[in-house]
Amino acid sequence: MFPALSEKLQSALRNLRSKGKLTEKDVTAALREVRLALLDADVNYKVVKDFINKVKERSIGEEVMKSLTPGQQVVKIVNEEMTQLMGGFNDKLKISSKLPTVVMLVGLQGSGKTTTAVKLAKYLQKNGHTPLIAACDIYRPAAIKQLEVLGRENELPIFSMGEQEPVNIAKGALKEARKKGADFLLLDTAGRLHVDEQLMEELANIKRHIQPTEILLVVDAMTGQDAVNVAESFHQQLTLTGVILTKLDGDSRGGAALSVKAVTGCPIKFVGLGEKVTAFEPFHPDRMASRILGMGDILSLIEKAEASLDKEKGRELEKKLRNEQFTFEDFLDQLQQIKKIGPLEQIMEMLPGVGGVSKQLKKLSVDEKQLVHVEAIINSMTKEERLKPEIINSSRRKRIARGSGTSVQNVNQLLKQFGQMKKMFKQMSRNKGKFLRGRRGFFP
Amino acid sequence: MSILNRLKIGLQKTRFNFMGKVEQLFYRDAIDEEFYEELEELLISGDIGIKSTMEICDQLRQGAREKKIREPQELKEYLKKLLLESLNTGSSALATSTDGPTVILVLGVNGAGKTTTIGKLAHSYVQKGHKVLLAAGDTFRAAAIYQLEIWAARAGADLIKHQPGADPSAVFYDAINAARARGADIVLGDTAGRLQTKVNLMEELKKIHRVLQKSLPGAPHEVLLVIDATTGQNGISQAKLFHEAVPLTGLVLTKLDGTAKGGIIIAIKRELGLPVKLIGVGEGIEDLQPFEPQSFIEALFSLDKEQNTK
Ligand SMILES: Nc1nc2c(ncn2[C@@H]2O[C@H](COP(=O)(O)OP(=O)(O)O)[C@@H](O)[C@H]2O)c(=O)[nH]1
Ligand SMILES: [Mg+2]
């Protein structure tokens, strides 16, 4: 019914990719599809308009039309503009020269502030910091208790003063943080509507008294067109320094990510990817753009691999990917390690050419048998075939299918996917500067 | 500011932002391509979604041709009629059981407003003289049970709870038995928030559903999906996948007191036929209303004096 954005974008751009010569009409037709795909992904309609105009202007320029691969060029432009729209690069938390660095989390009701406060604190703690969280939500029933329970479960210090004026709680927490030598103070505030003058003034008041270094708007990734109204309004009243996008682990197409930065100029700093405290990552616009375009997210995959496998292996894989030496041998090795890295659906999403087939993904998440199939197919290849898949002709395909108990179609599909993957690596390694950006940047 | 005032301002802003522009649009001189383009943008900005928007615009074009409509004002009435027709499903009243307690199960993604809706709903039933029992089926989120406990106390309802981390199905099993023993005629079941793509969590819902069916024939009498009005096109996936896991009987659209338009319910209705039964218009215990398509559409289109001065 509503195929994922990446699917649509890919199909819109696929036609362009293969074209040797491009007319303005081709570009316009493809961009019309892109427009629909973006709107369907909840990107704000004004943002979409600007975006399409920008891409069009660049795409029908001399350089692109005259280039040897105009289609590829347009795809590249879409990718670049999309990355740009989301902020270009990962933006880190600012640190105050006077400790503690105060981070205030604000947002609508139910956007995920409390969970985010705990995740951010845990993330900081892992990176050697000593965060303190202050419970400033005095309105929602059991909000303070929720934070206290989460603090206990995750060994994070929580500061609470019951249901007093939030500004006094914040002041008290600041004192406490200084006394304890906490280097970060996170303020969990109550959810509120951006049109609620009284409650917005409460936040402005906290801001005046505490002078937070960061004021981060927590936005649900499933938000629709209203995301820009909310972000604009919070920004106007509080001067936000950034955004955290939550619930990105669902099948939301994350249009809010594209819009919010565009209208407020505030960078998206982190994303929440699940209910677990550790499901929290710095946001990388370049990776997100290629994920949306179905180009996969090899960087995240490598980082995940590095985190769960040994460093040596990760580095080896990265090198191979870059030098186009990635073979079925490596693929098999990866598959065998893959279960260590995380849920299959998340990994598949990061693989180029796979991210788009989200419908099948849903089935995949229950049916890990697919993985067994792939393993079986590769296992039925000879060593030579694994190293040089181009020699796999039709009789070899038949043999492999028979040997693995699958069909020739299955084999074909795998070969095709593998080909796409390699092509992708090649493209990324050509663009090494970008490929490496954000690699080193560990927090802060 | 009183809750009523807050609600009023919220609703006014909604109308002002969205249909204020629609109003302007329908004061144009002619129905031309530019007109349709702007209408398309307006519908999209209300989260109605690209697919439904294009369908509605096509229907409108066709209607205009067939009925020889040339005046924008006339077309506006026709658009209202179209939207109303697509939302109308008769009564939004909740089902009641004639044999034993009425069981209402409440589902939704994280933070949609399930627990709050149950608190409000409990209050409204108690006001009408019912004996209400709440089942604390969110055993997952920290302090979720305590949150429901507070609402139970506010509303004057009973509560059945287990330990955090307990199997929610067991909570519901106990709740049904307790309702029978205590003579409660309404059971409201809270559940943990879950994204519709989490297969194992959707399986958990199916199990809850089975347990309810077994413990009380005919139960659950209502299965309501709570959707936040700010939700964009993902709302369709929410409705679709929850509906696939457990047959839904209707939707609750919350947070309509903000500036979000809630247009996603039009798309959901068109694609899945699921009606909205209740709307949430604030955080207070009284802030729950039956959904009335007529006023929903009227509200979208009306523009009163105060807004003109804005
Ligand atoms: N403004 C407004 N806030 C609401 C409404 N319904 C729920 N909320 C708020 O949304 C947040 C999440 O609600 P909760 O019931 O805990 O969501 P749950 O996770 O689905 O149970 C809370 O802060 C509620 O006060 C509504 O209709 N309007
Ligand atoms: Mg709840």
# chains A, B, ... in the order shown; residues from 1 in each chain; ligands from 1
$ residues_near_ligand --ligand "ligand 1" --cutoff "6 Å" --atoms "only C-alpha atoms and all ligand atoms" --output "VMD selection string"
(chain A and resid 109 to 110 140 191) or (chain B and resid 110 to 116 193 254 to 257 280 to 283)
$ interface_residues --of "chain B" --to "chain A" --cutoff "6 Å" --atoms "only C-alpha atoms" --output "short mmCIF file (atom, residue, chain, number, x, y, z; two decimals) with all heavy atoms, in the first residue's frame"
data_model
loop_
_atom_site.label_atom_id
_atom_site.label_comp_id
_atom_site.auth_asym_id
_atom_site.auth_seq_id
_atom_site.Cartn_x
_atom_site.Cartn_y
_atom_site.Cartn_z
N SER B 45 -0.76 19.05 3.83
CA SER B 45 -0.28 19.65 5.07
C SER B 45 -1.15 19.26 6.25
O SER B 45 -0.77 19.46 7.40
CB SER B 45 -0.22 21.17 4.93
OG SER B 45 -1.53 21.70 5.00
N ILE B 50 -0.59 11.56 0.54
CA ILE B 50 -0.55 11.84 -0.89
C ILE B 50 -1.57 11.01 -1.66
O ILE B 50 -2.26 11.49 -2.55
CB ILE B 50 0.88 11.65 -1.44
CG1 ILE B 50 0.98 12.06 -2.88
CG2 ILE B 50 1.38 10.25 -1.25
CD1 ILE B 50 1.01 13.54 -3.06
N GLY B 111 3.71 6.20 23.88
CA GLY B 111 3.44 7.61 24.09
C GLY B 111 2.22 8.16 23.37
O GLY B 111 2.00 9.37 23.35
N ALA B 142 8.69 1.41 32.92
CA ALA B 142 8.92 1.76 34.32
C ALA B 142 7.79 2.65 34.82
O ALA B 142 7.42 3.61 34.17
CB ALA B 142 10.26 2.46 34.46
N ALA B 143 7.25 2.29 35.97
CA ALA B 143 6.23 3.08 36.68
C ALA B 143 4.91 3.20 35.93
O ALA B 143 4.06 4.01 36.28
CB ALA B 143 6.74 4.48 37.03
N GLN B 147 1.36 4.79 37.26
CA GLN B 147 0.66 5.84 36.50
C GLN B 147 -0.84 5.51 36.40
O GLN B 147 -1.70 6.34 36.64
CB GLN B 147 1.26 5.97 35.10
CG GLN B 147 0.66 7.10 34.27
CD GLN B 147 1.16 7.08 32.83
OE1 GLN B 147 1.99 6.25 32.45
NE2 GLN B 147 0.69 8.00 32.02
N LEU B 195 5.84 -0.55 19.00
CA LEU B 195 5.83 -0.20 17.58
C LEU B 195 5.28 -1.38 16.83
O LEU B 195 5.58 -2.53 17.15
CB LEU B 195 7.25 0.15 17.11
CG LEU B 195 7.84 1.41 17.75
CD1 LEU B 195 9.21 1.70 17.15
CD2 LEU B 195 6.94 2.61 17.59
N THR B 197 5.90 -2.75 14.21
CA THR B 197 6.80 -3.62 13.45
C THR B 197 7.49 -4.67 14.33
O THR B 197 8.18 -5.53 13.83
CB THR B 197 7.90 -2.79 12.79
OG1 THR B 197 8.47 -1.93 13.78
CG2 THR B 197 7.34 -1.96 11.65
N THR B 230 -0.59 14.02 15.93
CA THR B 230 0.58 14.54 15.20
C THR B 230 1.15 13.50 14.25
O THR B 230 2.06 13.79 13.48
CB THR B 230 1.70 14.98 16.15
OG1 THR B 230 2.08 13.88 16.96
CG2 THR B 230 1.29 16.14 17.02
N THR B 231 0.65 12.26 14.32
CA THR B 231 1.21 11.18 13.51
C THR B 231 1.04 11.45 12.01
O THR B 231 0.00 11.89 11.56
CB THR B 231 0.50 9.86 13.84
OG1 THR B 231 0.49 9.70 15.25
CG2 THR B 231 1.21 8.68 13.20
N GLY B 232 2.08 11.17 11.28
CA GLY B 232 2.02 11.32 9.83
C GLY B 232 1.60 10.02 9.16
O GLY B 232 0.77 9.26 9.70
N ASN B 234 2.86 7.26 8.88
CA ASN B 234 3.09 6.02 9.61
C ASN B 234 1.82 5.53 10.29
O ASN B 234 1.69 4.34 10.60
CB ASN B 234 4.21 6.23 10.64
CG ASN B 234 4.66 4.94 11.28
OD1 ASN B 234 4.33 4.67 12.42
ND2 ASN B 234 5.36 4.13 10.51
N ALA B 260 -1.76 19.95 15.34
CA ALA B 260 -1.82 18.89 14.33
C ALA B 260 -3.26 18.67 13.90
O ALA B 260 -4.18 18.88 14.68
CB ALA B 260 -1.25 17.60 14.87
#
$ residues_around --residues "Glu38 in chain B" --least-positions-apart "5" --cutoff "12 Å" --atoms "only C-alpha atoms" --output "list in words"
Tyr45 and Lys46 of chain A; Lys21, Val22, Glu23, Gln24, Leu25, Phe26, Arg28, Ile31, Asp32, Glu33, Leu43, Ile44, Ser45, Thr53 and Cys57 of chain B
$ closest_atom_pairs --of "chain B" --to "ligand 2" --cutoff "12 Å" --atoms "only C-alpha atoms and all ligand atoms" --output "CSV"
residue,atom,partner,partner_atom_place_in_ligand_line,distance
B:Val106,CA,ligand 2,1 (Mg),9.7
B:Leu107,CA,ligand 2,1 (Mg),9.3
B:Gly108,CA,ligand 2,1 (Mg),9.1
B:Val109,CA,ligand 2,1 (Mg),9.4
B:Asn110,CA,ligand 2,1 (Mg),7.4
B:Gly111,CA,ligand 2,1 (Mg),6.8
B:Ala112,CA,ligand 2,1 (Mg),8.1
B:Gly113,CA,ligand 2,1 (Mg),6.7
B:Lys114,CA,ligand 2,1 (Mg),5.3
B:Thr115,CA,ligand 2,1 (Mg),4.2
B:Thr116,CA,ligand 2,1 (Mg),7.3
B:Thr117,CA,ligand 2,1 (Mg),9.2
B:Ile118,CA,ligand 2,1 (Mg),9.1
B:Gly119,CA,ligand 2,1 (Mg),10.4
B:Ala135,CA,ligand 2,1 (Mg),11.6
B:Ala136,CA,ligand 2,1 (Mg),9.1
B:Gly137,CA,ligand 2,1 (Mg),9.0
B:Asp138,CA,ligand 2,1 (Mg),6.5
B:Thr139,CA,ligand 2,1 (Mg),9.5
B:Phe140,CA,ligand 2,1 (Mg),9.5
B:Arg141,CA,ligand 2,1 (Mg),7.6
B:Ala142,CA,ligand 2,1 (Mg),9.8
B:Ala143,CA,ligand 2,1 (Mg),9.3
B:Ala144,CA,ligand 2,1 (Mg),5.8
B:Ile145,CA,ligand 2,1 (Mg),8.3
B:Tyr146,CA,ligand 2,1 (Mg),10.1
B:Gln147,CA,ligand 2,1 (Mg),7.7
B:Leu148,CA,ligand 2,1 (Mg),7.7
B:Glu149,CA,ligand 2,1 (Mg),11.3
B:Trp151,CA,ligand 2,1 (Mg),11.0
B:Gly189,CA,ligand 2,1 (Mg),10.6
B:Asp190,CA,ligand 2,1 (Mg),6.9
B:Thr191,CA,ligand 2,1 (Mg),6.7
B:Ala192,CA,ligand 2,1 (Mg),5.9
B:Gly193,CA,ligand 2,1 (Mg),6.4
B:Arg194,CA,ligand 2,1 (Mg),10.2
B:Val226,CA,ligand 2,1 (Mg),10.8
$ write_last_selection --atoms "N, CA and C atoms" --output "CSV table (one decimal), in the first residue's frame"
chain,number,residue,atom,x,y,z
B,106,VAL,N,-7.1,-1.4,25.0
B,106,VAL,CA,-6.6,-0.2,24.5
B,106,VAL,C,-5.1,-0.4,24.0
B,107,LEU,N,-4.8,-0.2,22.7
B,107,LEU,CA,-3.5,-0.5,22.2
B,107,LEU,C,-2.9,0.8,21.5
B,108,GLY,N,-1.7,0.7,21.2
B,108,GLY,CA,-1.0,1.8,20.5
B,108,GLY,C,0.5,1.8,20.6
B,109,VAL,N,1.1,2.7,19.9
B,109,VAL,CA,2.5,2.9,19.9
B,109,VAL,C,2.9,3.6,21.2
B,110,ASN,N,4.2,3.7,21.5
B,110,ASN,CA,4.7,4.3,22.7
B,110,ASN,C,4.3,5.8,22.8
B,111,GLY,N,3.7,6.2,23.9
B,111,GLY,CA,3.4,7.6,24.1
B,111,GLY,C,2.2,8.2,23.4
B,112,ALA,N,1.4,7.3,22.8
B,112,ALA,CA,0.2,7.8,22.0
B,112,ALA,C,-0.8,8.4,22.9
B,113,GLY,N,-0.9,7.9,24.2
B,113,GLY,CA,-1.9,8.4,25.1
B,113,GLY,C,-2.9,7.4,25.6
B,114,LYS,N,-2.4,6.1,25.6
B,114,LYS,CA,-3.3,5.0,26.0
B,114,LYS,C,-3.7,5.1,27.4
B,115,THR,N,-2.7,5.3,28.3
B,115,THR,CA,-3.1,5.3,29.8
B,115,THR,C,-3.9,6.5,30.1
B,116,THR,N,-3.6,7.6,29.5
B,116,THR,CA,-4.4,8.8,29.8
B,116,THR,C,-5.8,8.6,29.3
B,117,THR,N,-6.0,8.1,28.1
B,117,THR,CA,-7.3,7.8,27.6
B,117,THR,C,-8.1,6.9,28.5
B,118,ILE,N,-7.5,5.9,29.0
B,118,ILE,CA,-8.1,5.0,29.9
B,118,ILE,C,-8.6,5.7,31.2
B,119,GLY,N,-7.7,6.6,31.7
B,119,GLY,CA,-8.1,7.3,32.9
B,119,GLY,C,-9.4,8.2,32.6
B,135,ALA,N,-7.3,-2.7,34.2
B,135,ALA,CA,-6.3,-3.8,34.2
B,135,ALA,C,-5.0,-3.2,33.8
B,136,ALA,N,-4.0,-3.3,34.7
B,136,ALA,CA,-2.7,-2.7,34.4
B,136,ALA,C,-1.8,-3.6,33.5
B,137,GLY,N,-2.2,-3.6,32.3
B,137,GLY,CA,-1.5,-4.5,31.3
B,137,GLY,C,-0.1,-4.0,30.8
B,138,ASP,N,0.2,-2.8,31.2
B,138,ASP,CA,1.6,-2.4,30.8
B,138,ASP,C,2.5,-2.7,32.0
B,139,THR,N,3.1,-3.9,31.9
B,139,THR,CA,4.0,-4.4,32.9
B,139,THR,C,5.4,-4.1,32.5
B,140,PHE,N,5.6,-3.4,31.4
B,140,PHE,CA,6.9,-3.2,30.8
B,140,PHE,C,7.5,-1.9,31.2
B,141,ARG,N,6.8,-0.8,30.9
B,141,ARG,CA,7.4,0.5,31.1
B,141,ARG,C,7.6,0.8,32.6
B,142,ALA,N,8.7,1.4,32.9
B,142,ALA,CA,8.9,1.8,34.3
B,142,ALA,C,7.8,2.6,34.8
B,143,ALA,N,7.3,2.3,36.0
B,143,ALA,CA,6.2,3.1,36.7
B,143,ALA,C,4.9,3.2,35.9
B,144,ALA,N,4.7,2.4,34.9
B,144,ALA,CA,3.4,2.5,34.1
B,144,ALA,C,2.3,2.0,35.0
B,145,ILE,N,2.5,1.0,35.9
B,145,ILE,CA,1.4,0.5,36.7
B,145,ILE,C,1.0,1.6,37.7
B,146,TYR,N,2.1,2.3,38.2
B,146,TYR,CA,1.8,3.4,39.2
B,146,TYR,C,1.0,4.5,38.5
B,147,GLN,N,1.4,4.8,37.3
B,147,GLN,CA,0.7,5.8,36.5
B,147,GLN,C,-0.8,5.5,36.4
B,148,LEU,N,-1.1,4.2,36.1
B,148,LEU,CA,-2.5,3.8,36.0
B,148,LEU,C,-3.2,3.9,37.3
B,149,GLU,N,-2.5,3.5,38.4
B,149,GLU,CA,-3.0,3.6,39.7
B,149,GLU,C,-3.5,5.0,40.1
B,151,TRP,N,-4.4,7.2,38.0
B,151,TRP,CA,-5.7,7.5,37.2
B,151,TRP,C,-6.9,6.8,37.8
B,189,GLY,N,-8.7,-2.2,29.6
B,189,GLY,CA,-7.3,-2.9,29.7
B,189,GLY,C,-6.3,-2.0,29.1
B,190,ASP,N,-5.3,-1.6,29.9
B,190,ASP,CA,-4.1,-0.9,29.4
B,190,ASP,C,-3.1,-1.9,28.9
B,191,THR,N,-2.3,-1.5,27.9
B,191,THR,CA,-1.2,-2.3,27.4
B,191,THR,C,0.0,-1.5,27.2
B,192,ALA,N,1.1,-2.1,27.1
B,192,ALA,CA,2.4,-1.4,26.9
B,192,ALA,C,2.5,-0.9,25.5
B,193,GLY,N,3.1,0.3,25.4
B,193,GLY,CA,3.2,0.8,24.0
B,193,GLY,C,4.2,-0.1,23.2
B,194,ARG,N,3.9,-0.2,21.9
B,194,ARG,CA,4.7,-1.0,21.1
B,194,ARG,C,4.7,-0.5,19.7
B,226,VAL,N,-5.0,3.7,19.8
B,226,VAL,CA,-4.9,5.1,20.1
B,226,VAL,C,-3.8,5.7,19.2
$ select_by_dssp --residues "range 128-266 of chain B" --states "strand (DSSP E)" --output "compact mmCIF listing (two decimals) with N, CA and C atoms, in the first residue's frame"
# COMPACT_ATOMS: atom_id res chain seq x y z
N VAL B 132 -16.30 0.45 37.39
CA VAL B 132 -15.21 0.29 36.42
C VAL B 132 -13.99 -0.35 37.05
N LEU B 133 -13.38 -1.25 36.30
CA LEU B 133 -12.15 -1.89 36.77
C LEU B 133 -11.06 -1.73 35.71
N LEU B 134 -9.90 -1.25 36.12
CA LEU B 134 -8.79 -1.08 35.19
C LEU B 134 -7.81 -2.24 35.32
N ALA B 135 -7.31 -2.71 34.19
CA ALA B 135 -6.31 -3.79 34.21
C ALA B 135 -4.96 -3.21 33.78
N ALA B 136 -3.99 -3.31 34.66
CA ALA B 136 -2.68 -2.70 34.42
C ALA B 136 -1.82 -3.61 33.54
N GLY B 137 -2.16 -3.64 32.26
CA GLY B 137 -1.49 -4.55 31.33
C GLY B 137 -0.15 -4.05 30.82
N ASP B 158 -11.62 0.66 40.19
CA ASP B 158 -10.78 -0.39 40.79
C ASP B 158 -9.60 -0.67 39.89
N LEU B 159 -8.59 -1.33 40.44
CA LEU B 159 -7.41 -1.64 39.63
C LEU B 159 -6.93 -3.05 39.91
N ILE B 160 -6.62 -3.78 38.86
CA ILE B 160 -5.97 -5.08 39.02
C ILE B 160 -4.57 -4.96 38.47
N ILE B 186 -17.62 -2.66 33.67
CA ILE B 186 -16.71 -2.17 32.63
C ILE B 186 -15.27 -2.55 33.00
N VAL B 187 -14.55 -3.18 32.07
CA VAL B 187 -13.13 -3.47 32.28
C VAL B 187 -12.34 -2.75 31.19
N LEU B 188 -11.41 -1.88 31.61
CA LEU B 188 -10.57 -1.18 30.65
C LEU B 188 -9.15 -1.73 30.74
N GLY B 189 -8.65 -2.25 29.65
CA GLY B 189 -7.33 -2.89 29.66
C GLY B 189 -6.26 -2.00 29.07
N ASP B 190 -5.27 -1.64 29.88
CA ASP B 190 -4.12 -0.87 29.40
C ASP B 190 -3.07 -1.85 28.87
N THR B 191 -2.34 -1.45 27.87
CA THR B 191 -1.25 -2.30 27.38
C THR B 191 0.01 -1.46 27.21
N GLU B 222 -14.55 -4.09 22.67
CA GLU B 222 -13.94 -3.04 21.86
C GLU B 222 -12.42 -3.22 21.91
N VAL B 223 -11.79 -3.06 20.76
CA VAL B 223 -10.33 -3.01 20.72
C VAL B 223 -9.98 -1.68 20.06
N LEU B 224 -9.50 -0.75 20.87
CA LEU B 224 -9.28 0.61 20.37
C LEU B 224 -7.79 0.88 20.17
N LEU B 225 -7.48 1.38 19.01
CA LEU B 225 -6.10 1.79 18.73
C LEU B 225 -5.99 3.29 18.97
N VAL B 226 -5.05 3.67 19.83
CA VAL B 226 -4.86 5.09 20.12
C VAL B 226 -3.83 5.67 19.17
N ILE B 227 -4.21 6.72 18.48
CA ILE B 227 -3.30 7.36 17.53
C ILE B 227 -3.14 8.83 17.90
N ASP B 228 -1.91 9.25 18.00
CA ASP B 228 -1.56 10.64 18.30
C ASP B 228 -1.87 11.49 17.05
N GLY B 250 -12.03 0.22 16.46
CA GLY B 250 -12.05 1.66 16.23
C GLY B 250 -10.78 2.34 16.70
N LEU B 251 -10.74 3.66 16.49
CA LEU B 251 -9.57 4.45 16.85
C LEU B 251 -9.92 5.49 17.90
N VAL B 252 -8.89 5.89 18.65
CA VAL B 252 -9.00 7.07 19.50
C VAL B 252 -7.94 8.03 19.00
N LEU B 253 -8.35 9.23 18.64
CA LEU B 253 -7.42 10.22 18.14
C LEU B 253 -7.11 11.21 19.27
N THR B 254 -5.87 11.18 19.76
CA THR B 254 -5.51 12.01 20.91
C THR B 254 -4.76 13.27 20.50
$ select_by_dssp --residues "range 13-199 of chain B" --states "alpha helix (DSSP H)" --output "MDAnalysis selection string"
chainID B and resid 13:17 19:25 33:45 50:66 72:87 114:127 144:155 168:182 199
